[in-house]
Each structure stands twice: as structure tokens, then as C-alpha cells.
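As stored in entry.txt (compact mmCIF, N, CA, C and O atoms):
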# COMPACT_ATOMS: atom_id res chain seq x y z
N MET A 1 43.08 79.17 96.69
CA MET A 1 43.76 78.20 97.51
C MET A 1 43.76 78.66 98.97
O MET A 1 43.88 79.83 99.27
N ASN A 2 43.62 77.70 99.82
CA ASN A 2 43.56 77.97 101.24
C ASN A 2 44.96 78.29 101.79
O ASN A 2 45.95 77.66 101.43
N PHE A 3 45.04 79.27 102.68
CA PHE A 3 46.31 79.68 103.28
C PHE A 3 46.95 78.54 104.07
O PHE A 3 48.17 78.37 104.05
N LYS A 4 46.17 77.76 104.73
CA LYS A 4 46.67 76.64 105.53
C LYS A 4 47.33 75.59 104.63
O LYS A 4 48.35 75.01 104.98
N LYS A 5 46.78 75.35 103.46
CA LYS A 5 47.37 74.39 102.53
C LYS A 5 48.73 74.88 102.03
O LYS A 5 49.65 74.11 101.84
N ILE A 6 48.85 76.20 101.78
CA ILE A 6 50.11 76.77 101.32
C ILE A 6 51.18 76.62 102.40
O ILE A 6 52.32 76.23 102.12
N ILE A 7 50.83 76.90 103.62
CA ILE A 7 51.79 76.80 104.73
C ILE A 7 52.19 75.35 104.97
O ILE A 7 53.36 75.07 105.26
N ASN A 8 51.26 74.43 104.83
CA ASN A 8 51.57 73.02 105.08
C ASN A 8 52.51 72.42 104.03
O ASN A 8 53.03 71.33 104.23
N ARG A 9 52.76 73.10 102.95
CA ARG A 9 53.70 72.60 101.94
C ARG A 9 55.14 72.63 102.46
O ARG A 9 55.97 71.84 102.03
N TYR A 10 55.45 73.56 103.34
CA TYR A 10 56.80 73.72 103.86
C TYR A 10 57.05 72.75 105.01
O TYR A 10 56.13 72.36 105.72
N PRO A 11 58.33 72.36 105.21
CA PRO A 11 58.63 71.44 106.32
C PRO A 11 58.26 72.07 107.66
O PRO A 11 58.19 73.28 107.81
N LYS A 12 58.08 71.21 108.62
CA LYS A 12 57.63 71.66 109.93
C LYS A 12 58.65 72.58 110.60
O LYS A 12 58.27 73.52 111.30
N LEU A 13 59.93 72.32 110.38
CA LEU A 13 60.97 73.14 111.00
C LEU A 13 60.86 74.59 110.55
O LEU A 13 60.99 75.51 111.36
N ILE A 14 60.61 74.82 109.28
CA ILE A 14 60.52 76.18 108.75
C ILE A 14 59.27 76.90 109.27
O ILE A 14 59.26 78.11 109.42
N ARG A 15 58.27 76.17 109.61
CA ARG A 15 57.04 76.77 110.13
C ARG A 15 57.12 77.08 111.61
O ARG A 15 56.27 77.80 112.14
N ASN A 16 58.17 76.63 112.26
CA ASN A 16 58.30 76.80 113.70
C ASN A 16 58.75 78.22 114.04
O ASN A 16 59.74 78.73 113.54
N LYS A 17 58.03 78.89 114.96
CA LYS A 17 58.35 80.28 115.33
C LYS A 17 59.65 80.35 116.13
O LYS A 17 60.38 81.34 116.06
N PHE A 18 59.99 79.31 116.86
CA PHE A 18 61.24 79.30 117.62
C PHE A 18 62.46 79.19 116.69
O PHE A 18 63.51 79.75 116.96
N PHE A 19 62.29 78.48 115.60
CA PHE A 19 63.35 78.40 114.59
C PHE A 19 63.65 79.79 114.04
O PHE A 19 64.81 80.19 113.93
N TRP A 20 62.62 80.53 113.70
CA TRP A 20 62.82 81.86 113.15
C TRP A 20 63.38 82.83 114.18
O TRP A 20 64.22 83.68 113.85
N ALA A 21 62.94 82.69 115.41
CA ALA A 21 63.48 83.54 116.47
C ALA A 21 64.98 83.28 116.66
O ALA A 21 65.78 84.20 116.82
N THR A 22 65.37 82.00 116.61
CA THR A 22 66.78 81.64 116.73
C THR A 22 67.58 82.16 115.55
O THR A 22 68.69 82.67 115.71
N MET A 23 67.04 82.06 114.35
CA MET A 23 67.74 82.55 113.16
C MET A 23 67.95 84.06 113.23
O MET A 23 69.03 84.57 112.93
N VAL A 24 66.92 84.78 113.65
CA VAL A 24 67.04 86.24 113.77
C VAL A 24 68.09 86.58 114.82
O VAL A 24 68.92 87.47 114.62
N PHE A 25 68.09 85.86 115.93
CA PHE A 25 69.08 86.09 116.99
C PHE A 25 70.50 85.84 116.47
O PHE A 25 71.41 86.64 116.71
N LEU A 26 70.72 84.75 115.74
CA LEU A 26 72.05 84.43 115.22
C LEU A 26 72.52 85.47 114.20
O LEU A 26 73.70 85.87 114.21
N VAL A 27 71.63 85.91 113.35
CA VAL A 27 72.00 86.94 112.38
C VAL A 27 72.33 88.24 113.11
O VAL A 27 73.31 88.92 112.77
N TRP A 28 71.55 88.57 114.11
CA TRP A 28 71.81 89.80 114.87
C TRP A 28 73.17 89.73 115.56
O TRP A 28 73.96 90.68 115.48
N ILE A 29 73.47 88.63 116.22
CA ILE A 29 74.74 88.48 116.94
C ILE A 29 75.91 88.47 115.95
O ILE A 29 76.97 89.03 116.22
N THR A 30 75.73 87.87 114.80
CA THR A 30 76.83 87.75 113.84
C THR A 30 77.15 89.07 113.16
O THR A 30 78.32 89.39 112.97
N PHE A 31 76.16 89.88 112.82
CA PHE A 31 76.42 91.05 111.99
C PHE A 31 76.11 92.39 112.63
O PHE A 31 76.82 93.36 112.38
N PHE A 32 75.09 92.50 113.45
CA PHE A 32 74.61 93.82 113.87
C PHE A 32 74.95 94.21 115.30
O PHE A 32 74.89 95.39 115.62
N ASP A 33 75.31 93.31 116.14
CA ASP A 33 75.61 93.62 117.53
C ASP A 33 76.90 94.41 117.64
O ASP A 33 77.77 94.35 116.78
N GLU A 34 77.03 95.17 118.73
CA GLU A 34 78.25 95.95 118.95
C GLU A 34 79.47 95.05 119.06
O GLU A 34 80.55 95.40 118.60
N HIS A 35 79.33 93.92 119.69
CA HIS A 35 80.42 92.95 119.85
C HIS A 35 80.13 91.72 118.99
O HIS A 35 80.11 90.60 119.48
N ASN A 36 79.96 91.94 117.70
CA ASN A 36 79.61 90.84 116.82
C ASN A 36 80.80 89.91 116.59
O ASN A 36 81.92 90.18 116.97
N VAL A 37 80.53 88.82 115.95
CA VAL A 37 81.53 87.77 115.74
C VAL A 37 82.69 88.30 114.91
O VAL A 37 83.86 88.02 115.21
N LEU A 38 82.41 89.08 113.89
CA LEU A 38 83.48 89.61 113.05
C LEU A 38 84.38 90.56 113.83
O LEU A 38 85.60 90.54 113.68
N HIS A 39 83.78 91.37 114.69
CA HIS A 39 84.54 92.31 115.52
C HIS A 39 85.42 91.54 116.51
O HIS A 39 86.60 91.88 116.70
N VAL A 40 84.89 90.51 117.12
CA VAL A 40 85.66 89.70 118.06
C VAL A 40 86.81 88.99 117.36
O VAL A 40 87.94 88.94 117.86
N TRP A 41 86.57 88.47 116.17
CA TRP A 41 87.62 87.79 115.40
C TRP A 41 88.74 88.77 115.03
O TRP A 41 89.92 88.46 115.18
N HIS A 42 88.36 89.96 114.59
CA HIS A 42 89.35 90.98 114.25
C HIS A 42 90.18 91.37 115.48
O HIS A 42 91.40 91.51 115.40
N ASN A 43 89.52 91.54 116.61
CA ASN A 43 90.24 91.90 117.84
C ASN A 43 91.17 90.79 118.31
O ASN A 43 92.25 91.07 118.83
N SER A 44 90.77 89.55 118.13
CA SER A 44 91.65 88.45 118.56
C SER A 44 92.90 88.38 117.68
O SER A 44 94.00 88.12 118.17
N ARG A 45 92.74 88.65 116.38
CA ARG A 45 93.91 88.70 115.49
C ARG A 45 94.82 89.86 115.87
O ARG A 45 96.05 89.73 115.89
N LYS A 46 94.23 90.99 116.18
CA LYS A 46 95.00 92.17 116.57
C LYS A 46 95.74 91.91 117.88
O LYS A 46 96.90 92.29 118.03
N LEU A 47 95.08 91.25 118.83
CA LEU A 47 95.71 90.92 120.10
C LEU A 47 96.89 89.98 119.91
O LEU A 47 97.95 90.15 120.52
N ALA A 48 96.75 89.00 119.04
CA ALA A 48 97.85 88.07 118.77
C ALA A 48 99.03 88.81 118.17
O ALA A 48 100.20 88.55 118.55
N GLN A 49 98.78 89.75 117.27
CA GLN A 49 99.86 90.54 116.68
C GLN A 49 100.55 91.40 117.74
O GLN A 49 101.78 91.50 117.77
N GLU A 50 99.77 91.99 118.62
CA GLU A 50 100.33 92.82 119.69
C GLU A 50 101.18 91.98 120.65
O GLU A 50 102.23 92.43 121.11
N GLU A 51 100.75 90.76 120.93
CA GLU A 51 101.53 89.89 121.81
C GLU A 51 102.86 89.50 121.15
O GLU A 51 103.89 89.43 121.82
N GLU A 52 102.84 89.29 119.83
CA GLU A 52 104.09 89.01 119.12
C GLU A 52 105.02 90.21 119.19
O GLU A 52 106.23 90.05 119.40
N ASP A 53 104.46 91.40 119.05
CA ASP A 53 105.27 92.61 119.15
C ASP A 53 105.88 92.77 120.54
O ASP A 53 107.05 93.14 120.68
N VAL A 54 105.09 92.49 121.57
CA VAL A 54 105.59 92.58 122.94
C VAL A 54 106.75 91.62 123.14
O VAL A 54 107.79 91.99 123.70
N ASN A 55 106.61 90.39 122.66
CA ASN A 55 107.70 89.41 122.80
C ASN A 55 108.94 89.86 122.04
O ASN A 55 110.06 89.71 122.53
N TYR A 56 108.75 90.40 120.85
CA TYR A 56 109.88 90.88 120.05
C TYR A 56 110.62 91.99 120.80
O TYR A 56 111.86 91.97 120.91
N TYR A 57 109.88 92.97 121.32
CA TYR A 57 110.53 94.09 121.99
C TYR A 57 111.15 93.68 123.32
O TYR A 57 112.18 94.24 123.71
N ARG A 58 110.58 92.73 124.00
CA ARG A 58 111.21 92.22 125.23
C ARG A 58 112.55 91.57 124.91
O ARG A 58 113.54 91.77 125.62
N GLN A 59 112.58 90.80 123.84
CA GLN A 59 113.84 90.17 123.42
C GLN A 59 114.86 91.23 123.00
O GLN A 59 116.03 91.13 123.34
N LYS A 60 114.39 92.23 122.29
CA LYS A 60 115.27 93.32 121.86
C LYS A 60 115.83 94.07 123.06
O LYS A 60 117.03 94.39 123.09
N ILE A 61 115.01 94.34 124.06
CA ILE A 61 115.46 95.01 125.28
C ILE A 61 116.51 94.16 125.99
O ILE A 61 117.53 94.67 126.46
N LYS A 62 116.26 92.88 126.08
CA LYS A 62 117.20 91.96 126.73
C LYS A 62 118.56 91.97 126.02
O LYS A 62 119.61 92.05 126.67
N ASN A 63 118.54 91.93 124.68
CA ASN A 63 119.78 91.97 123.91
C ASN A 63 120.51 93.30 124.10
O ASN A 63 121.74 93.33 124.28
N ASP A 64 119.76 94.39 124.07
CA ASP A 64 120.38 95.71 124.23
C ASP A 64 120.97 95.88 125.63
O ASP A 64 122.03 96.50 125.79
N GLN A 65 120.30 95.34 126.64
CA GLN A 65 120.83 95.43 128.00
C GLN A 65 122.13 94.66 128.13
O GLN A 65 123.08 95.12 128.78
N SER A 66 122.20 93.49 127.49
CA SER A 66 123.44 92.72 127.56
C SER A 66 124.56 93.43 126.81
O SER A 66 125.71 93.46 127.26
N LYS A 67 124.27 94.04 125.66
CA LYS A 67 125.27 94.81 124.94
C LYS A 67 125.75 96.01 125.75
O LYS A 67 126.95 96.31 125.80
N LEU A 68 124.82 96.69 126.39
CA LEU A 68 125.16 97.85 127.21
C LEU A 68 126.06 97.45 128.37
O LEU A 68 127.04 98.13 128.67
N LYS A 69 125.73 96.35 129.01
CA LYS A 69 126.55 95.86 130.11
C LYS A 69 127.96 95.53 129.62
O LYS A 69 128.95 95.86 130.27
N GLU A 70 128.04 94.90 128.46
CA GLU A 70 129.35 94.56 127.90
C GLU A 70 130.14 95.81 127.55
O GLU A 70 131.35 95.87 127.79
N LEU A 71 129.47 96.83 127.00
CA LEU A 71 130.16 98.07 126.65
C LEU A 71 130.63 98.83 127.88
O LEU A 71 131.69 99.47 127.85
N LYS A 72 129.86 98.76 128.96
CA LYS A 72 130.25 99.46 130.19
C LYS A 72 131.42 98.79 130.90
O LYS A 72 132.16 99.44 131.61
N THR A 73 131.55 97.49 130.73
CA THR A 73 132.58 96.76 131.47
C THR A 73 133.88 96.56 130.70
O THR A 73 134.92 96.36 131.31
N ASN A 74 133.87 96.62 129.39
CA ASN A 74 135.06 96.32 128.61
C ASN A 74 135.37 97.50 127.69
O ASN A 74 134.62 97.81 126.78
N LYS A 75 136.51 98.15 127.94
CA LYS A 75 136.90 99.34 127.17
C LYS A 75 137.20 98.99 125.71
O LYS A 75 136.89 99.77 124.81
N ALA A 76 137.76 97.81 125.44
CA ALA A 76 138.08 97.41 124.07
C ALA A 76 136.79 97.24 123.26
O ALA A 76 136.74 97.61 122.08
N ASN A 77 135.76 96.69 123.86
CA ASN A 77 134.47 96.54 123.17
C ASN A 77 133.83 97.89 122.90
O ASN A 77 133.18 98.07 121.87
N LEU A 78 133.99 98.82 123.82
CA LEU A 78 133.45 100.16 123.62
C LEU A 78 134.11 100.82 122.42
O LEU A 78 133.44 101.43 121.58
N GLU A 79 135.44 100.70 122.32
CA GLU A 79 136.15 101.28 121.18
C GLU A 79 135.73 100.61 119.87
O GLU A 79 135.50 101.27 118.86
N LYS A 80 135.59 99.28 119.88
CA LYS A 80 135.16 98.54 118.69
C LYS A 80 133.77 98.99 118.26
O LYS A 80 133.51 99.21 117.07
N PHE A 81 132.87 99.14 119.21
CA PHE A 81 131.50 99.58 118.92
C PHE A 81 131.51 100.98 118.31
O PHE A 81 130.83 101.23 117.32
N ALA A 82 132.28 101.89 118.86
CA ALA A 82 132.34 103.26 118.36
C ALA A 82 132.91 103.28 116.94
O ALA A 82 132.43 104.03 116.08
N ARG A 83 133.90 102.47 116.68
CA ARG A 83 134.49 102.44 115.34
C ARG A 83 133.51 101.86 114.32
O ARG A 83 133.39 102.38 113.21
N GLU A 84 132.80 100.80 114.69
CA GLU A 84 131.90 100.15 113.73
C GLU A 84 130.61 100.93 113.52
O GLU A 84 130.15 101.10 112.39
N GLN A 85 130.01 101.40 114.58
CA GLN A 85 128.70 102.02 114.48
C GLN A 85 128.76 103.50 114.07
O GLN A 85 127.91 103.97 113.34
N TYR A 86 129.75 104.21 114.60
CA TYR A 86 129.80 105.66 114.38
C TYR A 86 130.98 106.09 113.52
O TYR A 86 131.23 107.27 113.36
N LEU A 87 131.70 105.12 112.96
CA LEU A 87 132.82 105.38 112.07
C LEU A 87 133.85 106.32 112.68
O LEU A 87 134.42 107.18 112.01
N MET A 88 134.07 106.17 113.96
CA MET A 88 135.09 106.97 114.65
C MET A 88 136.46 106.39 114.34
O MET A 88 136.60 105.21 114.08
N LYS A 89 137.47 107.25 114.39
CA LYS A 89 138.81 106.80 114.07
C LYS A 89 139.82 107.56 114.92
O LYS A 89 139.52 108.59 115.50
N LYS A 90 141.02 107.02 114.93
CA LYS A 90 142.13 107.70 115.60
C LYS A 90 142.71 108.73 114.65
O LYS A 90 142.40 108.74 113.46
N GLN A 91 143.58 109.58 115.16
CA GLN A 91 144.14 110.67 114.37
C GLN A 91 144.89 110.18 113.13
O GLN A 91 144.79 110.76 112.07
N ASP A 92 145.63 109.11 113.25
CA ASP A 92 146.50 108.68 112.17
C ASP A 92 145.90 107.55 111.32
O ASP A 92 146.63 106.87 110.61
N GLU A 93 144.60 107.35 111.36
CA GLU A 93 143.96 106.26 110.62
C GLU A 93 143.11 106.79 109.47
O GLU A 93 142.64 107.93 109.50
N ASP A 94 142.94 105.98 108.47
CA ASP A 94 142.02 106.24 107.37
C ASP A 94 140.93 105.16 107.39
O ASP A 94 141.20 104.01 107.71
N ILE A 95 139.69 105.55 107.03
CA ILE A 95 138.57 104.60 107.03
C ILE A 95 138.16 104.34 105.59
O ILE A 95 137.99 105.27 104.80
N TYR A 96 138.01 103.08 105.26
CA TYR A 96 137.51 102.66 103.96
C TYR A 96 136.22 101.86 104.18
O TYR A 96 136.23 100.89 104.92
N LEU A 97 135.15 102.28 103.55
CA LEU A 97 133.88 101.58 103.67
C LEU A 97 133.67 100.67 102.48
O LEU A 97 133.88 101.07 101.33
N VAL A 98 133.27 99.44 102.76
CA VAL A 98 132.94 98.49 101.71
C VAL A 98 131.41 98.39 101.69
O VAL A 98 130.79 97.93 102.63
N VAL A 99 130.82 98.84 100.58
CA VAL A 99 129.37 98.88 100.46
C VAL A 99 128.93 97.83 99.45
O VAL A 99 129.50 97.74 98.36
N LYS A 100 127.93 97.05 99.79
CA LYS A 100 127.40 96.04 98.87
C LYS A 100 126.14 96.60 98.22
O LYS A 100 125.30 97.22 98.87
N ASP A 101 126.01 96.35 96.91
CA ASP A 101 124.79 96.78 96.23
C ASP A 101 123.70 95.73 96.41
O ASP A 101 123.86 94.76 97.14
N ASP A 102 122.57 95.91 95.77
CA ASP A 102 121.42 95.02 95.96
C ASP A 102 121.67 93.60 95.54
O ASP A 102 121.08 92.66 96.07
N SER A 103 122.56 93.40 94.59
CA SER A 103 122.82 92.04 94.11
C SER A 103 123.80 91.29 95.01
O SER A 103 124.05 90.12 94.81
N GLY A 104 124.37 91.97 96.01
CA GLY A 104 125.27 91.32 96.96
C GLY A 104 126.74 91.44 96.57
O GLY A 104 127.60 90.95 97.27
N LYS A 105 127.02 92.11 95.47
CA LYS A 105 128.41 92.30 95.03
C LYS A 105 128.98 93.54 95.72
O LYS A 105 128.30 94.53 95.94
N GLU A 106 130.27 93.45 96.04
CA GLU A 106 130.94 94.58 96.66
C GLU A 106 131.31 95.60 95.61
O GLU A 106 131.67 95.26 94.50
N LYS A 107 131.21 96.87 96.00
CA LYS A 107 131.59 97.95 95.08
C LYS A 107 132.98 98.43 95.43
O LYS A 107 133.42 98.45 96.51

Is it possible to express this structure as C-alpha cells?
Amino acid sequence: MNFKKIINRYPKLIRNKFFWATMVFLVWITFFDEHNVLHVWHNSRKLAQEEEDVNYYRQKIKNDQSKLKELKTNKANLEKFAREQYLMKKQDEDIYLVVKDDSGKEK
């Protein structure tokens, strides 16, 4: 059988050298390049996560700054904070802790 007859069986698009050059280029860009599509997609997801973290920490800083300002300006709030967070007490007081287990019931 003649080689030309075998080649003519395939559609014209598949026989086109520019089609194959484009296919090789797309495969190269998608999988083998240093900045391939998968790498770019992974980095964009990572960037979005980092931006969420930045927003979270900015909000946390803002809340902490407002709490700090409140503690510096109001002595009663400072005492309340020390009692709740660090379990500090006065000389004549007793502290009782109410601890909840995993099911939400108090012990």
C-alpha cells in the first residue's frame, strides 16, 4: 500500500503540521513548563488562603487593640479580665470552676 493513501485516510486537520505544533505547545505549557497551569492554579489557591489569613489576623489585631484600650482605661474591666483569664482572686475569696465535658453537660 502506498504511504500517501494511508495518510489520506486521516482528516485534514490531523495531517496539518501546525495542528501538531500547537498540540505539543499546549501539552508543554500545561505539564512541563516551570510555570505550568497546574503550578499557577496551586499558587492562586495558596494566595487566596493567605489573603484570608491576613484578613483574619487584621481583625484579630483590631479586636485585641480595642480590648487593650478598654483594659488600660477602666480599672474594673482590668480586674474582671484578671479574674476570668488568670483565675486571680482576693485574699478572702474562694474560686470554683465549672467545667463542661464534651457532651455539654456541667460537671

Quick one: residues within 12 Å of region 15-27 of chain A, only C-alpha atoms counted, chain neighbours fewer than 5 positions away excluded, as a PDB file with N, CA, C and O atoms, in the coordinates of the input?
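Result file follows (out.pdb):
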ATOM      1  N   LYS A   4      46.170  77.760 104.730  1.00  0.00           N
ATOM      2  CA  LYS A   4      46.670  76.640 105.530  1.00  0.00           C
ATOM      3  C   LYS A   4      47.330  75.590 104.630  1.00  0.00           C
ATOM      4  O   LYS A   4      48.350  75.010 104.980  1.00  0.00           O
ATOM      5  N   ILE A   6      48.850  76.200 101.780  1.00  0.00           N
ATOM      6  CA  ILE A   6      50.110  76.770 101.320  1.00  0.00           C
ATOM      7  C   ILE A   6      51.180  76.620 102.400  1.00  0.00           C
ATOM      8  O   ILE A   6      52.320  76.230 102.120  1.00  0.00           O
ATOM      9  N   ILE A   7      50.830  76.900 103.620  1.00  0.00           N
ATOM     10  CA  ILE A   7      51.790  76.800 104.730  1.00  0.00           C
ATOM     11  C   ILE A   7      52.190  75.350 104.970  1.00  0.00           C
ATOM     12  O   ILE A   7      53.360  75.070 105.260  1.00  0.00           O
ATOM     13  N   ASN A   8      51.260  74.430 104.830  1.00  0.00           N
ATOM     14  CA  ASN A   8      51.570  73.020 105.080  1.00  0.00           C
ATOM     15  C   ASN A   8      52.510  72.420 104.030  1.00  0.00           C
ATOM     16  O   ASN A   8      53.030  71.330 104.230  1.00  0.00           O
ATOM     17  N   ARG A   9      52.760  73.100 102.950  1.00  0.00           N
ATOM     18  CA  ARG A   9      53.700  72.600 101.940  1.00  0.00           C
ATOM     19  C   ARG A   9      55.140  72.630 102.460  1.00  0.00           C
ATOM     20  O   ARG A   9      55.970  71.840 102.030  1.00  0.00           O
ATOM     21  N   TYR A  10      55.450  73.560 103.340  1.00  0.00           N
ATOM     22  CA  TYR A  10      56.800  73.720 103.860  1.00  0.00           C
ATOM     23  C   TYR A  10      57.050  72.750 105.010  1.00  0.00           C
ATOM     24  O   TYR A  10      56.130  72.360 105.720  1.00  0.00           O
ATOM     25  N   PHE A  32      75.090  92.500 113.450  1.00  0.00           N
ATOM     26  CA  PHE A  32      74.610  93.820 113.870  1.00  0.00           C
ATOM     27  C   PHE A  32      74.950  94.210 115.300  1.00  0.00           C
ATOM     28  O   PHE A  32      74.890  95.390 115.620  1.00  0.00           O
ATOM     29  N   ASP A  33      75.310  93.310 116.140  1.00  0.00           N
ATOM     30  CA  ASP A  33      75.610  93.620 117.530  1.00  0.00           C
ATOM     31  C   ASP A  33      76.900  94.410 117.640  1.00  0.00           C
ATOM     32  O   ASP A  33      77.770  94.350 116.780  1.00  0.00           O
ATOM     33  N   ASN A  36      79.960  91.940 117.700  1.00  0.00           N
ATOM     34  CA  ASN A  36      79.610  90.840 116.820  1.00  0.00           C
ATOM     35  C   ASN A  36      80.800  89.910 116.590  1.00  0.00           C
ATOM     36  O   ASN A  36      81.920  90.180 116.970  1.00  0.00           O
ATOM     37  N   VAL A  37      80.530  88.820 115.950  1.00  0.00           N
ATOM     38  CA  VAL A  37      81.530  87.770 115.740  1.00  0.00           C
ATOM     39  C   VAL A  37      82.690  88.300 114.910  1.00  0.00           C
ATOM     40  O   VAL A  37      83.860  88.020 115.210  1.00  0.00           O
ATOM     41  N   LEU A  38      82.410  89.080 113.890  1.00  0.00           N
ATOM     42  CA  LEU A  38      83.480  89.610 113.050  1.00  0.00           C
ATOM     43  C   LEU A  38      84.380  90.560 113.830  1.00  0.00           C
ATOM     44  O   LEU A  38      85.600  90.540 113.680  1.00  0.00           O
TER      45      LEU A  38
END

Given 3 Å of margin on each side, can you work out the centre and size in Å (one decimal) of an axis-aligned box holding every listed atom of region 7-25 of chain A, as AutoDock Vina command-line options?
--center_x 61.1 --center_y 79.3 --center_z 109.8 --size_x 26.6 --size_y 22.3 --size_z 21.7

> So how far away is CA of Arg58 (chain A) from atom O of Asn43 (chain A), in Å?
Replying inline: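 Interatomic distance here is 20.0 Å.
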
>> Residues of chain A classed as helix (DSSP H, G or I) by DSSP on the backbone are to be reported as number ranges by chain.
In response: A: 3-8, 12-15, 17-32, 37-73, 75-86

> What separation in Å, quoted to one decimal, exists between CA of Thr30 (chain A) and CA of Asp53 (chain A)?
Replying inline: 29.3 Å

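Here atom C of Lys60 (chain A) stands at a distance of 17.4 Å from CA of Gln85 (chain A).
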